[in-house]
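Asks: Encoded as structure tokens, here's the structure I'll be asking about.
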Amino acid sequence: MACLVQYIKMDNDFNKTRDVVRRELANFLGVEFEDIEDDSSLTEDLHMKATDLTDFMEVLARMSMETANVDLTATETFLDLVEALTDH
């Protein structure tokens with residue numbers, strides 16, 4: 001039972017982080033929240049350049065999100081980014 005409670009808490013934390021990052025990314029890019037899907041490619045669908053990605057990581061860091069261990073070279077989609085941010 002304790003494992004189930006921990007899983008539900010982790011799932012809720014993941015979903016909360018996903019919503020916060022989606023909202024901030026939409027604001028950063030000037031697009032609608034709904035336009036960013038889990039499988040949206042950061043570079044192809046959202047047209048982010050390397051400098052955009054690093055600038056956005058700075059935005060998240062200012063929000064006290066742990067961004068130091070995120071490998072942007074291995075981050076292709078929005079969901080990849082959220083998973084990297086929630087991997088502790």
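By convention here, the chains of the structure tokens are called A, B, ... in the order presented, each chain's residues are numbered starting at 1, and ligands are numbered starting at 1 in the order presented.
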Please identify which residues in chain A DSSP calls helix (DSSP H, G or I) from the backbone, and express them as a ChimeraX atom specification.
Replies: /A:2-29,33-35,50-62,72-74,78-86
Asks: Restrict the selected residues to C-alpha atoms and save them as a short mmCIF file (atom, residue, chain, number, x, y, z; two decimals), in the first residue's frame.
Replies:
```cif
data_model
loop_
_atom_site.label_atom_id
_atom_site.label_comp_id
_atom_site.auth_asym_id
_atom_site.auth_seq_id
_atom_site.Cartn_x
_atom_site.Cartn_y
_atom_site.Cartn_z
CA ALA A 2 2.85 2.40 0.82
CA CYS A 3 4.29 1.87 -2.67
CA LEU A 4 0.94 2.74 -4.24
CA VAL A 5 0.69 5.95 -2.21
CA GLN A 6 4.25 6.88 -3.20
CA TYR A 7 3.48 6.17 -6.89
CA ILE A 8 0.35 8.33 -6.78
CA LYS A 9 2.30 11.16 -5.13
CA MET A 10 5.05 10.89 -7.77
CA ASP A 11 2.42 10.88 -10.53
CA ASN A 12 0.76 13.99 -9.08
CA ASP A 13 4.14 15.73 -8.78
CA PHE A 14 4.95 14.81 -12.39
CA ASN A 15 1.62 16.14 -13.66
CA LYS A 16 2.01 19.36 -11.66
CA THR A 17 5.52 19.87 -13.03
CA ARG A 18 4.32 19.11 -16.57
CA ASP A 19 1.57 21.73 -16.29
CA VAL A 20 3.90 24.37 -14.83
CA VAL A 21 6.58 23.76 -17.48
CA ARG A 22 3.96 23.76 -20.27
CA ARG A 23 2.49 27.05 -19.05
CA GLU A 24 5.93 28.67 -18.73
CA LEU A 25 7.08 27.36 -22.11
CA ALA A 26 3.91 28.63 -23.79
CA ASN A 27 4.49 32.05 -22.23
CA PHE A 28 8.19 31.97 -23.21
CA LEU A 29 7.40 31.09 -26.83
CA PHE A 33 -0.81 26.28 -23.68
CA GLU A 34 -2.81 23.76 -25.72
CA ASP A 35 -0.37 24.00 -28.65
CA ALA A 50 19.93 25.98 -28.71
CA THR A 51 19.92 29.51 -27.29
CA ASP A 52 16.15 29.35 -26.75
CA LEU A 53 16.54 26.10 -24.83
CA THR A 54 19.26 27.46 -22.57
CA ASP A 55 17.33 30.68 -22.00
CA PHE A 56 14.24 28.67 -21.07
CA MET A 57 16.28 26.56 -18.67
CA GLU A 58 17.30 29.83 -16.99
CA VAL A 59 13.62 30.73 -16.61
CA LEU A 60 12.98 27.38 -14.92
CA ALA A 61 16.05 27.75 -12.69
CA ARG A 62 14.75 31.13 -11.50
CA LEU A 72 19.60 19.20 -23.49
CA THR A 73 21.35 17.12 -26.16
CA ALA A 74 19.24 14.14 -25.08
CA PHE A 78 8.43 18.38 -24.37
CA LEU A 79 7.84 15.17 -22.42
CA ASP A 80 11.59 14.41 -22.49
CA LEU A 81 12.18 17.78 -20.87
CA VAL A 82 9.60 17.19 -18.15
CA GLU A 83 10.99 13.72 -17.45
CA ALA A 84 14.51 15.14 -17.19
CA LEU A 85 13.30 17.79 -14.76
CA THR A 86 11.46 15.27 -12.57
#
```
Asks: When you draw a straight line from CA of Ser40 in chain A to CA of Glu76 in chain A, how long is it in Å?
Replies: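 We find that CA of Ser40 in chain A and CA of Glu76 in chain A lie 8.4 Å from each other.
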Asks: What does the structure give for the distance between CA of Gly30 in chain A and CA of Ser64 in chain A, in Å to one decimal?
Replies: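 CA of Gly30 in chain A sits 22.0 Å away from CA of Ser64 in chain A.
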Asks: To one decimal place, how far is CA of Thr77 in chain A from CA of Thr43 in chain A in Å?
Replies: 8.2 Å
